[in-house]
Amino acid sequence: VIFKNMTWTGYLFDPLTDERYPLDEPRWRSDSGGVLSLAIPGFWNPDDLGHREHSMWRYRESLPIQDEQNILTMGEGFTPLLTWNRRGKKIWIKQEHLFPTGSYKDRGAAVLISKVKELGIRQVVQDSSGNAGCAIAAYCGRAGIACDIYVPADTSPAKLMQIRSYGARMHLIPGSREDTAAAALDAARKKYYASHCWNPFFLHGTKTFAYEIWEQLGQRGPDALVLPVGNGTLLLGAYIGFTDLIQRGLIDKLPKLIGVQSGHCAPLATAFQQHATQPALIEKLPTLAEGIAIATPVRGAEILAAVRDSGGYFITVDETEILSTHRALALQGFYVELTAAAAIAGLDHYLELVVETETIVSVFTGHGLKSACEH
Ligand SMILES: *Cc1c(COP(=O)(O)O)cnc(C)c1O
């Protein structure tokens, strides 16, 4: 019922130069090499939602796929929003580890790879610290699209096995996450780059995170959202989604976006503190939070602007806190990834700083089985 063909036409644009491109062009960056944004005029009607299936596709009118035949879905989305008592305060946790591939990256991959199918592209490349690779590989597998996934050689073994299981060709790249990105960019000169960082279709999947929170809180927005940030694909998706809700008159202010980074890799937290508009050049140290160990986020300037616009800020957490939070969560029955525990460690800092009456939402981003290890 909810999967219908869409007649609106959106466009891709480079916000720095205002260059515009049609949606049916297989491109992932602008002619001047910039990151692209996506404008689509459609929006779902709150009155229609009641009868729709509980997946992210209930927001069909806002999802940039024209022909319903191209939609690849495993019923993903509408993850439970858990009420939680944390540090004596009532807060909400969006359980994004409960996705088909075990992380919220399925929101972005479902939209991006559906679009890849719609564009008739038969092979893609992608790079990731693991979870985006799992999600892209899973949806490509369903669509029969060949995919090459580039990952750092030291990625958690469970994620590597998962990527291979979906039938992707995996390339283990020695060195840093940045070396992996460089290898994928090189391969992307010949094949379509289905990058969660560069590709705006990914963010128009993650934006459904905001719509769901709005519905699940009883048609209102939170005061603050505490999210882990590496490349910012969840944070920027949330920013797009809540901005849409403001434009439609469904909420009247943006939630404060509180970004959590590992102290061992904090280019955005550092830049924010220095009042800079670009990510800081940092020396990255090893961190347990592999999912957010991003020294040079492609959309760094966009993330900093979004956090400032929302009245939010950044919090950094150290390795000891990540580990102790991971343990404490497991003792409550929540088996999440170390990277997800980093966000909750950041949430605990935030809870010490804020007033009782705020509505605060945070997230479990990835499943614990992905980074299972003895510690
Ligand atoms: C991808 C990911 C993040 C952070 O996402 P970014 O897009 O890099 O900001 C956080 N936690 C987990 C488990 C992830 O997979």
# chains A, B, ... in the order shown; residues from 1 in each chain; ligands from 1
$ closest_atom_pairs --of "chain A" --to "ligand 1" --cutoff "9 Å" --atoms "only C-alpha atoms and all ligand atoms" --output "CSV"
residue,atom,partner,partner_atom_place_in_ligand_line,distance
A:Glu96,CA,ligand 1,13 (C),8.7
A:His97,CA,ligand 1,13 (C),7.6
A:Gly102,CA,ligand 1,13 (C),8.4
A:Ser103,CA,ligand 1,15 (O),5.8
A:Tyr104,CA,ligand 1,15 (O),7.0
A:Lys105,CA,ligand 1,15 (O),6.5
A:Ser128,CA,ligand 1,1 (C),8.3
A:Ser129,CA,ligand 1,1 (C),7.7
A:Gly130,CA,ligand 1,15 (O),7.0
A:Asn131,CA,ligand 1,15 (O),4.7
A:Ala132,CA,ligand 1,1 (C),6.4
A:His196,CA,ligand 1,7 (O),7.5
A:Cys197,CA,ligand 1,7 (O),7.1
A:Leu227,CA,ligand 1,10 (C),7.9
A:Pro228,CA,ligand 1,10 (C),5.2
A:Val229,CA,ligand 1,9 (O),3.6
A:Gly230,CA,ligand 1,8 (O),3.5
A:Asn231,CA,ligand 1,8 (O),3.6
A:Gly232,CA,ligand 1,9 (O),3.3
A:Thr233,CA,ligand 1,7 (O),3.5
A:Leu234,CA,ligand 1,7 (O),5.3
A:Leu235,CA,ligand 1,9 (O),6.5
A:Leu236,CA,ligand 1,7 (O),8.3
A:Gly259,CA,ligand 1,9 (O),8.9
A:Ala289,CA,ligand 1,11 (N),7.9
A:Glu290,CA,ligand 1,12 (C),8.1
A:Gly291,CA,ligand 1,14 (C),4.6
A:Ile292,CA,ligand 1,8 (O),5.0
A:Ala293,CA,ligand 1,8 (O),7.8
A:Ile294,CA,ligand 1,8 (O),7.0
A:Pro297,CA,ligand 1,8 (O),8.1
A:Val336,CA,ligand 1,13 (C),8.2
A:Glu337,CA,ligand 1,13 (C),6.0
A:Leu338,CA,ligand 1,13 (C),7.6
A:Thr339,CA,ligand 1,11 (N),5.1
A:Ala340,CA,ligand 1,11 (N),5.2
A:Ala341,CA,ligand 1,11 (N),8.7
A:Ala342,CA,ligand 1,11 (N),8.5
A:Ala343,CA,ligand 1,10 (C),7.9
A:Phe364,CA,ligand 1,13 (C),7.6
A:Thr365,CA,ligand 1,13 (C),4.4
A:Gly366,CA,ligand 1,13 (C),3.7
A:His367,CA,ligand 1,13 (C),7.1
A:Gly368,CA,ligand 1,13 (C),8.9
A:Lys370,CA,ligand 1,13 (C),8.7
$ atom_distance --atom1 "atom CA of A:Leu185" --atom2 "atom CA of A:Phe314"
29.0 Å
$ closest_residue --among "A:Tyr350, A:Trp84, A:Tyr193, A:Phe334" --to "A:Leu98" --atoms "only C-alpha atoms"
A:Phe334
$ select_by_dssp --residues "stretch 24-209 of chain A" --states "strand (DSSP E)" --output "number ranges by chain"
A: 37-39, 81-86, 89-95, 123-127, 146-152, 169-173, 192-193
$ residues_around --residues "A:Tyr166" --least-positions-apart "2" --cutoff "9 Å" --atoms "only C-alpha atoms" --output "ChimeraX atom specification"
/A:134,137-142,161-164,168
$ write_last_selection --atoms "all heavy atoms" --output "short mmCIF file (atom, residue, chain, number, x, y, z; two decimals), in the first residue's frame"
data_model
loop_
_atom_site.label_atom_id
_atom_site.label_comp_id
_atom_site.auth_asym_id
_atom_site.auth_seq_id
_atom_site.Cartn_x
_atom_site.Cartn_y
_atom_site.Cartn_z
N CYS A 134 29.08 -3.58 5.69
CA CYS A 134 28.10 -4.66 5.89
C CYS A 134 26.77 -4.29 5.26
O CYS A 134 26.15 -5.09 4.55
CB CYS A 134 27.88 -4.92 7.38
SG CYS A 134 29.30 -5.62 8.23
N ALA A 137 26.92 -4.04 1.41
CA ALA A 137 27.09 -5.39 0.85
C ALA A 137 25.77 -6.16 0.90
O ALA A 137 25.41 -6.87 -0.04
CB ALA A 137 28.18 -6.14 1.62
N ALA A 138 25.04 -6.02 2.00
CA ALA A 138 23.79 -6.76 2.16
C ALA A 138 22.76 -6.34 1.10
O ALA A 138 22.14 -7.18 0.45
CB ALA A 138 23.21 -6.53 3.55
N TYR A 139 22.58 -5.04 0.91
CA TYR A 139 21.57 -4.56 -0.03
C TYR A 139 22.01 -4.80 -1.48
O TYR A 139 21.19 -5.12 -2.34
CB TYR A 139 21.21 -3.10 0.24
CG TYR A 139 20.37 -2.97 1.49
CD1 TYR A 139 20.96 -2.86 2.74
CD2 TYR A 139 18.99 -3.05 1.42
CE1 TYR A 139 20.20 -2.80 3.90
CE2 TYR A 139 18.21 -2.99 2.57
CZ TYR A 139 18.82 -2.87 3.81
OH TYR A 139 18.06 -2.82 4.94
N CYS A 140 23.31 -4.68 -1.75
CA CYS A 140 23.81 -5.01 -3.09
C CYS A 140 23.57 -6.48 -3.38
O CYS A 140 23.14 -6.85 -4.48
CB CYS A 140 25.30 -4.70 -3.22
SG CYS A 140 25.63 -2.96 -3.49
N GLY A 141 23.81 -7.33 -2.39
CA GLY A 141 23.59 -8.76 -2.56
C GLY A 141 22.14 -9.05 -2.94
O GLY A 141 21.87 -9.79 -3.88
N ARG A 142 21.21 -8.41 -2.23
CA ARG A 142 19.78 -8.60 -2.53
C ARG A 142 19.44 -8.19 -3.95
O ARG A 142 18.58 -8.78 -4.59
CB ARG A 142 18.93 -7.77 -1.57
CG ARG A 142 18.72 -8.40 -0.23
CD ARG A 142 17.91 -7.48 0.66
NE ARG A 142 16.47 -7.53 0.40
CZ ARG A 142 15.68 -8.52 0.73
NH1 ARG A 142 16.18 -9.60 1.31
NH2 ARG A 142 14.39 -8.48 0.48
N MET A 161 33.74 -11.03 8.26
CA MET A 161 33.01 -12.26 7.90
C MET A 161 31.64 -11.91 7.37
O MET A 161 31.15 -12.52 6.42
CB MET A 161 32.89 -13.17 9.11
CG MET A 161 34.13 -14.02 9.32
SD MET A 161 33.84 -15.21 10.63
CE MET A 161 34.28 -14.26 12.06
N GLN A 162 31.01 -10.93 8.02
CA GLN A 162 29.66 -10.54 7.60
C GLN A 162 29.68 -9.98 6.17
O GLN A 162 28.86 -10.36 5.34
CB GLN A 162 29.13 -9.49 8.59
CG GLN A 162 27.63 -9.28 8.49
CD GLN A 162 27.14 -8.20 9.46
OE1 GLN A 162 27.90 -7.71 10.31
NE2 GLN A 162 25.90 -7.82 9.31
N ILE A 163 30.63 -9.11 5.87
CA ILE A 163 30.74 -8.52 4.52
C ILE A 163 30.92 -9.62 3.48
O ILE A 163 30.25 -9.64 2.44
CB ILE A 163 31.91 -7.50 4.46
CG1 ILE A 163 31.58 -6.27 5.30
CG2 ILE A 163 32.21 -7.10 3.01
CD1 ILE A 163 32.75 -5.32 5.55
N ARG A 164 31.80 -10.57 3.77
CA ARG A 164 32.04 -11.67 2.83
C ARG A 164 30.79 -12.53 2.65
O ARG A 164 30.48 -12.97 1.55
CB ARG A 164 33.17 -12.58 3.34
CG ARG A 164 34.54 -12.05 2.99
CD ARG A 164 35.53 -13.20 2.92
NE ARG A 164 36.88 -12.71 3.19
CZ ARG A 164 37.43 -12.66 4.38
NH1 ARG A 164 36.78 -13.13 5.45
NH2 ARG A 164 38.64 -12.18 4.55
N ALA A 168 30.06 -9.93 -1.12
CA ALA A 168 30.85 -8.80 -1.63
C ALA A 168 32.31 -9.21 -1.83
O ALA A 168 32.78 -10.14 -1.20
CB ALA A 168 30.78 -7.63 -0.65
#
$ select_by_dssp --residues "stretch 159-332 of chain A" --states "helix (DSSP H, G or I)" --output "number ranges by chain"
A: 159-165, 177-187, 200-206, 208-216, 233-247, 267-273, 290-292, 300-309, 319-331
$ write_last_selection --atoms "C-alpha atoms" --output "compact mmCIF listing (two decimals), in the first residue's frame"
# COMPACT_ATOMS: atom_id res chain seq x y z
CA LYS A 159 32.35 -7.46 10.41
CA LEU A 160 34.77 -8.88 7.82
CA MET A 161 33.01 -12.26 7.90
CA GLN A 162 29.66 -10.54 7.60
CA ILE A 163 30.74 -8.52 4.52
CA ARG A 164 32.04 -11.67 2.83
CA SER A 165 28.88 -13.60 3.67
CA ARG A 177 41.11 4.44 7.72
CA GLU A 178 42.31 7.29 5.48
CA ASP A 179 44.45 4.85 3.43
CA THR A 180 41.33 2.73 2.94
CA ALA A 181 39.36 5.77 1.74
CA ALA A 182 42.15 6.61 -0.72
CA ALA A 183 42.09 3.07 -2.16
CA ALA A 184 38.32 3.23 -2.64
CA LEU A 185 38.49 6.69 -4.24
CA ASP A 186 41.00 5.32 -6.70
CA ALA A 187 38.67 2.42 -7.58
CA PRO A 200 23.69 12.27 -0.33
CA PHE A 201 21.21 9.44 -0.93
CA PHE A 202 22.61 7.77 2.19
CA LEU A 203 21.70 10.78 4.36
CA HIS A 204 18.20 10.78 2.94
CA GLY A 205 17.84 7.31 4.41
CA THR A 206 19.29 8.19 7.82
CA THR A 208 14.09 8.75 8.82
CA PHE A 209 15.69 8.38 12.27
CA ALA A 210 14.35 11.88 13.06
CA TYR A 211 10.86 11.22 11.69
CA GLU A 212 10.56 8.05 13.77
CA ILE A 213 11.64 9.80 16.97
CA TRP A 214 9.05 12.51 16.31
CA GLU A 215 6.31 9.90 15.96
CA GLN A 216 7.47 7.75 18.85
CA THR A 233 25.98 10.14 8.70
CA LEU A 234 23.55 9.73 11.60
CA LEU A 235 23.96 13.28 12.89
CA LEU A 236 23.51 14.87 9.46
CA GLY A 237 20.55 12.61 8.70
CA ALA A 238 18.96 13.69 12.00
CA TYR A 239 19.65 17.33 11.12
CA ILE A 240 17.97 16.95 7.72
CA GLY A 241 14.99 15.13 9.23
CA PHE A 242 14.37 17.58 12.06
CA THR A 243 14.86 20.53 9.70
CA ASP A 244 12.15 19.03 7.47
CA LEU A 245 9.85 18.76 10.50
CA ILE A 246 10.40 22.44 11.28
CA GLN A 247 9.70 23.44 7.68
CA PRO A 267 38.84 16.42 14.80
CA LEU A 268 35.34 17.87 15.15
CA ALA A 269 35.28 18.33 18.92
CA THR A 270 38.67 20.07 18.62
CA ALA A 271 37.53 22.32 15.78
CA PHE A 272 34.34 23.20 17.65
CA GLN A 273 36.29 24.29 20.68
CA GLU A 290 36.46 1.97 15.59
CA GLY A 291 33.12 3.10 14.14
CA ILE A 292 33.92 6.76 14.80
CA GLY A 300 33.22 17.91 8.51
CA ALA A 301 32.29 21.52 7.75
CA GLU A 302 28.65 20.52 7.31
CA ILE A 303 28.64 18.67 10.66
CA LEU A 304 30.17 21.63 12.51
CA ALA A 305 27.61 23.98 10.97
CA ALA A 306 24.71 21.67 11.87
CA VAL A 307 25.81 21.31 15.49
CA ARG A 308 26.25 25.10 15.82
CA ASP A 309 22.91 25.80 14.17
CA GLU A 319 39.11 4.66 26.39
CA THR A 320 38.53 3.66 30.02
CA GLU A 321 35.04 5.12 29.97
CA ILE A 322 34.19 3.35 26.70
CA LEU A 323 35.21 0.01 28.21
CA SER A 324 33.48 0.49 31.56
CA THR A 325 30.29 1.71 29.89
CA HIS A 326 30.34 -1.29 27.54
CA ARG A 327 30.59 -3.63 30.56
CA ALA A 328 27.90 -1.83 32.52
CA LEU A 329 25.48 -1.91 29.57
CA ALA A 330 25.99 -5.65 29.11
CA LEU A 331 25.18 -6.20 32.79
$ closest_residue --among "A:Ile173, A:Ile258, A:Leu225, A:Ile121" --to "A:Lys191" --atoms "only C-alpha atoms"
A:Ile121
$ atom_distance --atom1 "atom CA of A:Ile315" --atom2 "atom CA of A:His349"
7.7 Å
$ closest_atom_pairs --of "stretch 39-110 of chain A" --to "stretch 13-30 of chain A" --cutoff "10 Å" --atoms "only C-alpha atoms" --output "Markdown table"
| residue | atom | partner | partner_atom | distance |
| --- | --- | --- | --- | --- |
| A:Ala39 | CA | A:Phe13 | CA | 7.6 |
| A:Ile40 | CA | A:Leu23 | CA | 9.5 |
| A:Pro64 | CA | A:Leu23 | CA | 8.6 |
| A:Ile65 | CA | A:Leu23 | CA | 9.6 |
| A:Gln66 | CA | A:Asp24 | CA | 9.8 |
$ residues_around --residues "A:Tyr59" --least-positions-apart "6" --cutoff "9 Å" --atoms "only C-alpha atoms" --output "list in words"
Ile2, Phe43, Trp44, Asn45, Leu49, Thr208 and Tyr211 of chain A
$ closest_residue --among "A:Leu63, A:Leu12, A:Leu288, A:Leu254" --to "A:Asp154" --atoms "only C-alpha atoms"
A:Leu288
$ atom_distance --atom1 "atom CA of A:His171" --atom2 "atom CA of A:Ala135"
15.8 Å
$ residues_around --residues "A:Ala224" --least-positions-apart "6" --cutoff "10 Å" --atoms "only C-alpha atoms" --output "list in words"
Leu254, Pro255, Lys256, Leu257, Ile258, Ser310, Gly311, Gly312, Tyr350, Val354, Glu358, Thr359, Ile360, Val361 and Ser362 of chain A
$ write_last_selection --atoms "all heavy atoms" --output "JSON list (two decimals), in the first residue's frame"
[["chain", "number", "residue", "atom", "x", "y", "z"],
["A", 254, "LEU", "N", 14.87, 23.04, 16.53],
["A", 254, "LEU", "CA", 15.76, 21.89, 16.35],
["A", 254, "LEU", "C", 16.18, 21.37, 17.70],
["A", 254, "LEU", "O", 16.44, 22.16, 18.61],
["A", 254, "LEU", "CB", 17.05, 22.34, 15.65],
["A", 254, "LEU", "CG", 17.13, 22.38, 14.14],
["A", 254, "LEU", "CD1", 18.52, 22.89, 13.74],
["A", 254, "LEU", "CD2", 16.89, 21.00, 13.55],
["A", 255, "PRO", "N", 16.28, 20.04, 17.86],
["A", 255, "PRO", "CA", 16.93, 19.55, 19.08],
["A", 255, "PRO", "C", 18.41, 19.94, 19.07],
["A", 255, "PRO", "O", 19.01, 20.01, 18.00],
["A", 255, "PRO", "CB", 16.77, 18.03, 18.99],
["A", 255, "PRO", "CG", 16.33, 17.71, 17.61],
["A", 255, "PRO", "CD", 15.84, 18.96, 16.97],
["A", 256, "LYS", "N", 18.95, 20.19, 20.26],
["A", 256, "LYS", "CA", 20.40, 20.41, 20.34],
["A", 256, "LYS", "C", 21.10, 19.12, 19.90],
["A", 256, "LYS", "O", 20.78, 18.05, 20.42],
["A", 256, "LYS", "CB", 20.80, 20.67, 21.80],
["A", 256, "LYS", "CG", 20.60, 22.08, 22.27],
["A", 256, "LYS", "CD", 21.10, 22.24, 23.71],
["A", 256, "LYS", "CE", 20.13, 21.60, 24.70],
["A", 256, "LYS", "NZ", 20.54, 21.75, 26.11],
["A", 257, "LEU", "N", 22.02, 19.23, 18.98],
["A", 257, "LEU", "CA", 22.76, 18.05, 18.54],
["A", 257, "LEU", "C", 24.05, 17.97, 19.34],
["A", 257, "LEU", "O", 24.90, 18.86, 19.23],
["A", 257, "LEU", "CB", 23.04, 18.12, 17.04],
["A", 257, "LEU", "CG", 21.79, 18.14, 16.15],
["A", 257, "LEU", "CD1", 22.17, 18.43, 14.70],
["A", 257, "LEU", "CD2", 21.04, 16.81, 16.25],
["A", 258, "ILE", "N", 24.17, 16.92, 20.15],
["A", 258, "ILE", "CA", 25.37, 16.75, 20.98],
["A", 258, "ILE", "C", 26.18, 15.61, 20.35],
["A", 258, "ILE", "O", 25.75, 14.46, 20.34],
["A", 258, "ILE", "CB", 24.99, 16.38, 22.44],
["A", 258, "ILE", "CG1", 23.93, 17.35, 23.01],
["A", 258, "ILE", "CG2", 26.24, 16.31, 23.32],
["A", 258, "ILE", "CD1", 24.36, 18.78, 23.15],
["A", 310, "SER", "N", 22.15, 24.10, 15.73],
["A", 310, "SER", "CA", 21.20, 23.48, 16.66],
["A", 310, "SER", "C", 21.40, 23.96, 18.10],
["A", 310, "SER", "O", 20.64, 23.60, 18.99],
["A", 310, "SER", "CB", 21.35, 21.95, 16.61],
["A", 310, "SER", "OG", 22.51, 21.55, 17.31],
["A", 311, "GLY", "N", 22.48, 24.71, 18.33],
["A", 311, "GLY", "CA", 22.80, 25.12, 19.70],
["A", 311, "GLY", "C", 23.46, 24.01, 20.50],
["A", 311, "GLY", "O", 23.52, 24.07, 21.73],
["A", 312, "GLY", "N", 23.95, 22.99, 19.83],
["A", 312, "GLY", "CA", 24.61, 21.87, 20.52],
["A", 312, "GLY", "C", 26.11, 22.05, 20.63],
["A", 312, "GLY", "O", 26.63, 23.15, 20.42],
["A", 350, "TYR", "N", 26.78, 14.26, 29.42],
["A", 350, "TYR", "CA", 25.74, 15.24, 29.13],
["A", 350, "TYR", "C", 24.72, 15.31, 30.28],
["A", 350, "TYR", "O", 24.31, 16.40, 30.69],
["A", 350, "TYR", "CB", 25.04, 14.92, 27.80],
["A", 350, "TYR", "CG", 24.02, 15.96, 27.43],
["A", 350, "TYR", "CD1", 24.43, 17.23, 27.02],
["A", 350, "TYR", "CD2", 22.65, 15.69, 27.53],
["A", 350, "TYR", "CE1", 23.50, 18.21, 26.71],
["A", 350, "TYR", "CE2", 21.72, 16.67, 27.22],
["A", 350, "TYR", "CZ", 22.15, 17.93, 26.81],
["A", 350, "TYR", "OH", 21.22, 18.90, 26.52],
["A", 354, "VAL", "N", 22.95, 18.76, 32.40],
["A", 354, "VAL", "CA", 21.67, 19.36, 31.99],
["A", 354, "VAL", "C", 20.59, 19.38, 33.06],
["A", 354, "VAL", "O", 20.68, 18.68, 34.06],
["A", 354, "VAL", "CB", 21.07, 18.64, 30.76],
["A", 354, "VAL", "CG1", 21.94, 18.86, 29.56],
["A", 354, "VAL", "CG2", 20.84, 17.18, 31.06],
["A", 358, "GLU", "N", 14.61, 18.37, 30.49],
["A", 358, "GLU", "CA", 14.86, 18.17, 29.06],
["A", 358, "GLU", "C", 14.41, 16.79, 28.59],
["A", 358, "GLU", "O", 14.55, 15.80, 29.31],
["A", 358, "GLU", "CB", 16.36, 18.29, 28.77],
["A", 358, "GLU", "CG", 16.81, 19.70, 28.52],
["A", 358, "GLU", "CD", 18.17, 19.75, 27.82],
["A", 358, "GLU", "OE1", 18.84, 18.70, 27.68],
["A", 358, "GLU", "OE2", 18.56, 20.84, 27.43],
["A", 359, "THR", "N", 13.90, 16.72, 27.38],
["A", 359, "THR", "CA", 13.65, 15.44, 26.73],
["A", 359, "THR", "C", 14.90, 15.08, 25.94],
["A", 359, "THR", "O", 15.27, 15.77, 25.00],
["A", 359, "THR", "CB", 12.44, 15.53, 25.77],
["A", 359, "THR", "OG1", 11.30, 15.91, 26.54],
["A", 359, "THR", "CG2", 12.17, 14.20, 25.10],
["A", 360, "ILE", "N", 15.56, 14.00, 26.37],
["A", 360, "ILE", "CA", 16.85, 13.64, 25.79],
["A", 360, "ILE", "C", 16.75, 12.28, 25.11],
["A", 360, "ILE", "O", 16.24, 11.32, 25.69],
["A", 360, "ILE", "CB", 17.93, 13.56, 26.90],
["A", 360, "ILE", "CG1", 18.06, 14.92, 27.60],
["A", 360, "ILE", "CG2", 19.28, 13.13, 26.31],
["A", 360, "ILE", "CD1", 18.77, 14.84, 28.92],
["A", 361, "VAL", "N", 17.21, 12.22, 23.88],
["A", 361, "VAL", "CA", 17.25, 10.95, 23.15],
["A", 361, "VAL", "C", 18.68, 10.62, 22.78],
["A", 361, "VAL", "O", 19.42, 11.48, 22.30],
["A", 361, "VAL", "CB", 16.37, 11.01, 21.86],
["A", 361, "VAL", "CG1", 16.50, 9.72, 21.06],
["A", 361, "VAL", "CG2", 14.91, 11.27, 22.21],
["A", 362, "SER", "N", 19.08, 9.38, 23.04],
["A", 362, "SER", "CA", 20.37, 8.90, 22.57],
["A", 362, "SER", "C", 20.15, 7.57, 21.84],
["A", 362, "SER", "O", 19.00, 7.21, 21.55],
["A", 362, "SER", "CB", 21.37, 8.77, 23.72],
["A", 362, "SER", "OG", 22.67, 8.52, 23.21]]
$ closest_residue --among "A:Ala143, A:Met6, A:Leu353, A:Ile93" --to "A:Asp67" --atoms "only C-alpha atoms"
A:Met6
$ closest_residue --among "A:Arg299, A:Gly108, A:Leu347, A:Val355" --to "A:Val35" --atoms "only C-alpha atoms"
A:Arg299
$ residues_around --residues "A:Arg169" --least-positions-apart "4" --cutoff "8 Å" --atoms "only C-alpha atoms" --output "VMD selection string"
chain A and resid 147 to 149 164
$ write_last_selection --atoms "N, CA and C atoms" --output "mmCIF file, in the first residue's frame"
data_model
loop_
_atom_site.group_PDB
_atom_site.id
_atom_site.type_symbol
_atom_site.label_atom_id
_atom_site.label_comp_id
_atom_site.auth_asym_id
_atom_site.auth_seq_id
_atom_site.Cartn_x
_atom_site.Cartn_y
_atom_site.Cartn_z
ATOM 1 N N CYS A 147 29.608 -5.643 -5.708
ATOM 2 C CA CYS A 147 30.213 -4.568 -4.911
ATOM 3 C C CYS A 147 31.578 -4.947 -4.378
ATOM 4 N N ASP A 148 32.435 -3.952 -4.410
ATOM 5 C CA ASP A 148 33.789 -4.046 -3.866
ATOM 6 C C ASP A 148 33.836 -3.190 -2.613
ATOM 7 N N ILE A 149 34.130 -3.821 -1.471
ATOM 8 C CA ILE A 149 34.165 -3.089 -0.202
ATOM 9 C C ILE A 149 35.614 -3.005 0.284
ATOM 10 N N ARG A 164 31.803 -10.569 3.773
ATOM 11 C CA ARG A 164 32.041 -11.672 2.831
ATOM 12 C C ARG A 164 30.795 -12.529 2.650
#
$ closest_residue --among "A:Thr9, A:Leu112, A:Phe3, A:Ala280" --to "A:Arg58" --atoms "only C-alpha atoms"
A:Phe3
$ residues_around --residues "A:Phe99" --least-positions-apart "5" --cutoff "8 Å" --atoms "only C-alpha atoms" --output "VMD selection string"
chain A and resid 76 to 77 79 104 106
